[in-house]
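Here the structure comes first, spelled out in structure tokens, and everything after it is commentary.
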Amino acid sequence: MSLSPKQVDSIVECRGARISLWEGAVRSGKTFSAMLAFFDAVAEAPASGLIIVAGRTLQTIERNIIEPMMDAAIFGALAASVTHTRGSSIARILGRDVHLIGAADARAEEKLRGLTACLAMLDEATLVPEAFWNQLLARLSIPGARLLATTNPGSPAHWLKKKFIDRKAALSMVSWRFTLDDNPSLDEDYKTSLKAEQTGVFYRRNINGEWVAAEGSIYEQFDEDRHVIPFAETPQIARVLAAGIDYGTTNPTSALILGLTAEQHPRLVFLDEYRHDPETHGKLTDAEQSRRIRVFLNGRHHPTQALPQPPYTVIDPAAASLKVQLAHDGHRGIWDAANDVLPGIKLMSSLIATDQLLITDRCKGLIGELPGYVWDDKKTEKGEDAPVKANDHSADAARYAIYTTQALWRTALRFTEEVTNAPSQGPGLAAA
């Protein structure tokens, strides 16, 4: 693969720094550059001390770092120096043991306590807890120890931006910001498609590599005239994918049925919605909710086709009592929804922006919620991206259905947009 001048400079310049950070757009060549630099760093690493590759989970480390490093089409002869068994927490690179450490929550930093490291690579630094980052730096205590890290940008109030990138002149730290156009190996048609799939804050972060705050409407491209269709005009359906359910006891419960159209250029469509609001219609027991949801799922959800019941029911992972009740009542295909909020929002936003998601006018709860689904200003001030937790029940159900089943529909839509931390399990991947 050809390298851009920025990639070459980063690989050379990082050799003298304790902390090196490749940050910027998706698919911009930053991770490829960091992996080449990591090969070089492993070859020169001190004989004492551990070598670490860390990331949000073991699965994302394997997918984003280890497996690409084993690909001869990408790294040529270097790939032969990498051995790893999927699921193992140790890889072998250039004759050195490399320890793979997931950092999904605040307790992850405990995995680092007591060890001494000479080299570490961290994938997607903004997604790991600050305590893990700090503990990792503390463990890099061998003379000449180094940290190589990659990340997509987030809020300018994020701890990584405020405490490290903005202060890099006072630290032994170098960083490089990459945009999508910095990757010389990308096809122009692919770049055009990827740019079209990003909007608002996601475009500025994932295409331009900017650290910008999430503010205002989340689904800013949603337009009833473009995205909502009369139920009577629902296109023919090639496949019913799933029902997404957000469950509430004092808040509304929403269930949405997601289908894939049989058009020449397929789209996703929310066909129908069940919604129960206890404030206006009274509270229901789990048994009654289960009965009503099952009746709904077995109903007619297309004006001309007799569609089958959704094969999968993806439910808010916190809705344990409803899942138990549905299973007790003989309902099959129940899955915990993949509930990574920001990647799910990003995926749904991209579908809306590219007109690849339709909503029939039977989905009144979803149609009513999307225009008012907004970023939480208080969370933004803390460097976090999160929606306001109000009037979001149908929006959450929609996100569950789309994000959890993406392996079932991505190929059909020829969808190029990349989502960090796509679900490692779920109905989509189980059936793919």
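Every chain in the structure tokens has a letter given in the order shown (A, B, ...), and although residue numbers restart at 1 in each chain, ligands are simply numbered from 1 in the order shown.
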Write out as JSON lines a residue-level contact list of segment 378-401 of chain A versus segment 311-316 of chain A with cut-off 10 Å: for each qualifying residue the closest pair of atoms and the distance in Å to one decimal, counting only C-alpha atoms, rows sorted by chain and residue number upward.
{"residue": "A:Asp396", "atom": "CA", "partner": "A:Asp316", "partner_atom": "CA", "distance": 8.5}
{"residue": "A:Ala397", "atom": "CA", "partner": "A:Ile315", "partner_atom": "CA", "distance": 7.8}
{"residue": "A:Tyr400", "atom": "CA", "partner": "A:Val314", "partner_atom": "CA", "distance": 6.6}
{"residue": "A:Ala401", "atom": "CA", "partner": "A:Val314", "partner_atom": "CA", "distance": 6.4}
* To do: Return as a VMD selection string the full set of residues in segment 224-418 of chain A whose backbone-based DSSP assignment is strand (DSSP E).
  => chain A and resid 228 to 229 237 to 246 253 to 261 268 to 276 313 to 315 334 to 336 357 to 360
* Within 9 Å of segment 361-378 of chain A, counting only C-alpha atoms, which residues qualify if same-chain residues fewer than 6 places away don't, as number ranges by chain? -> A: 214-220, 222-224, 228-231, 254, 256, 270-275, 384-395, 397-398
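Once Glu44 of chain A and its same-chain neighbours fewer than 3 positions away are set aside, Arg15, Ala37, Phe38, Phe39, Asp40, Ala41, Ala47, Ser48, Ile51, Leu94, Gly95, Arg96, Cys118, Leu119, Gly144, Ala145 and Arg146 of chain A remain within 12 Å of it when counting only C-alpha atoms.
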Saved selection, atoms kept: N, CA and C atoms, as a PDB file, in the first residue's frame:
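File again.pdb, as written:
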ATOM      1  N   ARG A  15       9.138   8.092  16.808  1.00  0.00           N
ATOM      2  CA  ARG A  15      10.189   7.290  17.444  1.00  0.00           C
ATOM      3  C   ARG A  15      10.790   7.957  18.675  1.00  0.00           C
ATOM      4  N   ALA A  37       4.073   1.692  12.622  1.00  0.00           N
ATOM      5  CA  ALA A  37       4.952   2.213  13.671  1.00  0.00           C
ATOM      6  C   ALA A  37       5.092   1.205  14.808  1.00  0.00           C
ATOM      7  N   PHE A  38       4.030   0.456  15.084  1.00  0.00           N
ATOM      8  CA  PHE A  38       4.069  -0.534  16.152  1.00  0.00           C
ATOM      9  C   PHE A  38       4.999  -1.695  15.784  1.00  0.00           C
ATOM     10  N   PHE A  39       4.953  -2.152  14.544  1.00  0.00           N
ATOM     11  CA  PHE A  39       5.916  -3.165  14.093  1.00  0.00           C
ATOM     12  C   PHE A  39       7.345  -2.680  14.371  1.00  0.00           C
ATOM     13  N   ASP A  40       7.626  -1.445  13.973  1.00  0.00           N
ATOM     14  CA  ASP A  40       8.952  -0.859  14.171  1.00  0.00           C
ATOM     15  C   ASP A  40       9.295  -0.790  15.656  1.00  0.00           C
ATOM     16  N   ALA A  41       8.296  -0.399  16.485  1.00  0.00           N
ATOM     17  CA  ALA A  41       8.536  -0.257  17.919  1.00  0.00           C
ATOM     18  C   ALA A  41       8.772  -1.607  18.583  1.00  0.00           C
ATOM     19  N   ALA A  47      14.300  -5.427  25.938  1.00  0.00           N
ATOM     20  CA  ALA A  47      14.071  -6.853  26.171  1.00  0.00           C
ATOM     21  C   ALA A  47      13.226  -7.096  27.412  1.00  0.00           C
ATOM     22  N   SER A  48      13.287  -6.196  28.384  1.00  0.00           N
ATOM     23  CA  SER A  48      12.511  -6.357  29.604  1.00  0.00           C
ATOM     24  C   SER A  48      11.213  -5.563  29.510  1.00  0.00           C
ATOM     25  N   ILE A  51       4.825  -6.090  26.461  1.00  0.00           N
ATOM     26  CA  ILE A  51       4.278  -5.356  25.320  1.00  0.00           C
ATOM     27  C   ILE A  51       2.770  -5.586  25.332  1.00  0.00           C
ATOM     28  N   LEU A  94       6.759 -10.541  15.850  1.00  0.00           N
ATOM     29  CA  LEU A  94       8.216 -10.416  15.702  1.00  0.00           C
ATOM     30  C   LEU A  94       8.955 -11.106  16.846  1.00  0.00           C
ATOM     31  N   GLY A  95       8.437 -12.264  17.235  1.00  0.00           N
ATOM     32  CA  GLY A  95       9.098 -13.065  18.259  1.00  0.00           C
ATOM     33  C   GLY A  95       8.824 -12.646  19.686  1.00  0.00           C
ATOM     34  N   ARG A  96       7.990 -11.617  19.912  1.00  0.00           N
ATOM     35  CA  ARG A  96       7.667 -11.144  21.265  1.00  0.00           C
ATOM     36  C   ARG A  96       6.224 -11.481  21.624  1.00  0.00           C
ATOM     37  N   CYS A 118       7.033  -2.015  28.511  1.00  0.00           N
ATOM     38  CA  CYS A 118       7.987  -1.222  27.743  1.00  0.00           C
ATOM     39  C   CYS A 118       7.363  -0.614  26.496  1.00  0.00           C
ATOM     40  N   LEU A 119       6.188  -1.141  26.093  1.00  0.00           N
ATOM     41  CA  LEU A 119       5.550  -0.663  24.862  1.00  0.00           C
ATOM     42  C   LEU A 119       4.071  -0.997  24.924  1.00  0.00           C
ATOM     43  N   GLY A 144      12.692   4.514  28.048  1.00  0.00           N
ATOM     44  CA  GLY A 144      12.377   4.470  26.621  1.00  0.00           C
ATOM     45  C   GLY A 144      11.019   3.884  26.302  1.00  0.00           C
ATOM     46  N   ALA A 145      10.193   3.600  27.321  1.00  0.00           N
ATOM     47  CA  ALA A 145       8.864   3.024  27.086  1.00  0.00           C
ATOM     48  C   ALA A 145       7.987   4.005  26.310  1.00  0.00           C
ATOM     49  N   ARG A 146       7.087   3.444  25.500  1.00  0.00           N
ATOM     50  CA  ARG A 146       6.294   4.280  24.599  1.00  0.00           C
ATOM     51  C   ARG A 146       4.848   3.815  24.537  1.00  0.00           C
TER      52      ARG A 146
END
* Taking the DSSP assignment computed from this structure's backbone, write out as a PyMOL selection string all residues of segment 60-284 of chain A that belong to helix (DSSP H, G or I). => chain A and resi 60-69+72-81+106-112+125-127+130-139+159-163+165-170+180-182+188-196+200-206+224-227+231-233+278-281
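Between atom CA of Leu284 of chain A and atom CA of Thr249 of chain A lies a distance of 7.4 Å.
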* To do: Quick one: everything within 10 Å of segment 2-11 of chain A, counting only C-alpha atoms, minus sequence neighbours fewer than 3 positions away in the same chain. Send it as a list in words.
  => Cys14, Arg15, Ser20, Leu21, Trp22, Ser28, Gly29, Lys30, Thr31, Phe32, Ser33, Ala34, Met35, Leu36, Ala37, Phe38, Asp40, Ala41, Val174, Ser175, Trp176, Arg177, Phe178, Asp182, Asn183, Pro184 and Ser185 of chain A
Produce a file of the selected residues containing C-alpha atoms, as a PDB file, in the first residue's frame.
ATOM      1  CA  CYS A  14       6.902   9.049  16.687  1.00  0.00           C
ATOM      2  CA  ARG A  15      10.189   7.290  17.444  1.00  0.00           C
ATOM      3  CA  SER A  20       2.188   9.218  19.997  1.00  0.00           C
ATOM      4  CA  LEU A  21      -1.401   9.762  18.908  1.00  0.00           C
ATOM      5  CA  TRP A  22      -2.897   9.264  15.449  1.00  0.00           C
ATOM      6  CA  SER A  28      -8.071   8.045   6.946  1.00  0.00           C
ATOM      7  CA  GLY A  29      -5.000   5.807   7.221  1.00  0.00           C
ATOM      8  CA  LYS A  30      -4.228   6.653  10.831  1.00  0.00           C
ATOM      9  CA  THR A  31      -4.534   3.104  12.194  1.00  0.00           C
ATOM     10  CA  PHE A  32      -2.498   1.660   9.327  1.00  0.00           C
ATOM     11  CA  SER A  33       0.232   4.186  10.108  1.00  0.00           C
ATOM     12  CA  ALA A  34       0.106   3.338  13.815  1.00  0.00           C
ATOM     13  CA  MET A  35       0.359  -0.387  13.084  1.00  0.00           C
ATOM     14  CA  LEU A  36       3.428   0.125  10.890  1.00  0.00           C
ATOM     15  CA  ALA A  37       4.952   2.213  13.671  1.00  0.00           C
ATOM     16  CA  PHE A  38       4.069  -0.534  16.152  1.00  0.00           C
ATOM     17  CA  ASP A  40       8.952  -0.859  14.171  1.00  0.00           C
ATOM     18  CA  ALA A  41       8.536  -0.257  17.919  1.00  0.00           C
ATOM     19  CA  VAL A 174       3.269  14.080  19.363  1.00  0.00           C
ATOM     20  CA  SER A 175       0.008  13.811  17.439  1.00  0.00           C
ATOM     21  CA  TRP A 176      -1.221  13.980  13.860  1.00  0.00           C
ATOM     22  CA  ARG A 177      -4.739  14.819  12.645  1.00  0.00           C
ATOM     23  CA  PHE A 178      -5.923  12.868   9.607  1.00  0.00           C
ATOM     24  CA  ASP A 182      -5.262  11.805   3.701  1.00  0.00           C
ATOM     25  CA  ASN A 183      -5.628   8.131   2.780  1.00  0.00           C
ATOM     26  CA  PRO A 184      -4.132   7.644  -0.696  1.00  0.00           C
ATOM     27  CA  SER A 185      -5.373   4.058  -1.017  1.00  0.00           C
TER      28      SER A 185
END
* **Surrounding residues of Ala319 of chain A excluding itself and chain neighbours under 6 positions, 9 Å, only C-alpha atoms, as JSON, numbers by chain** => {"A": [246, 247, 248, 336]}
Could the residues in this selection be written to a file with C-alpha atoms, as a PDB file, in the first residue's frame?
ATOM      1  CA  ASP A 246     -38.036  -0.524  24.291  1.00  0.00           C
ATOM      2  CA  TYR A 247     -39.831  -1.519  27.492  1.00  0.00           C
ATOM      3  CA  GLY A 248     -41.271   0.694  30.180  1.00  0.00           C
ATOM      4  CA  ASP A 336     -30.644  -8.617  23.946  1.00  0.00           C
TER       5      ASP A 336
END
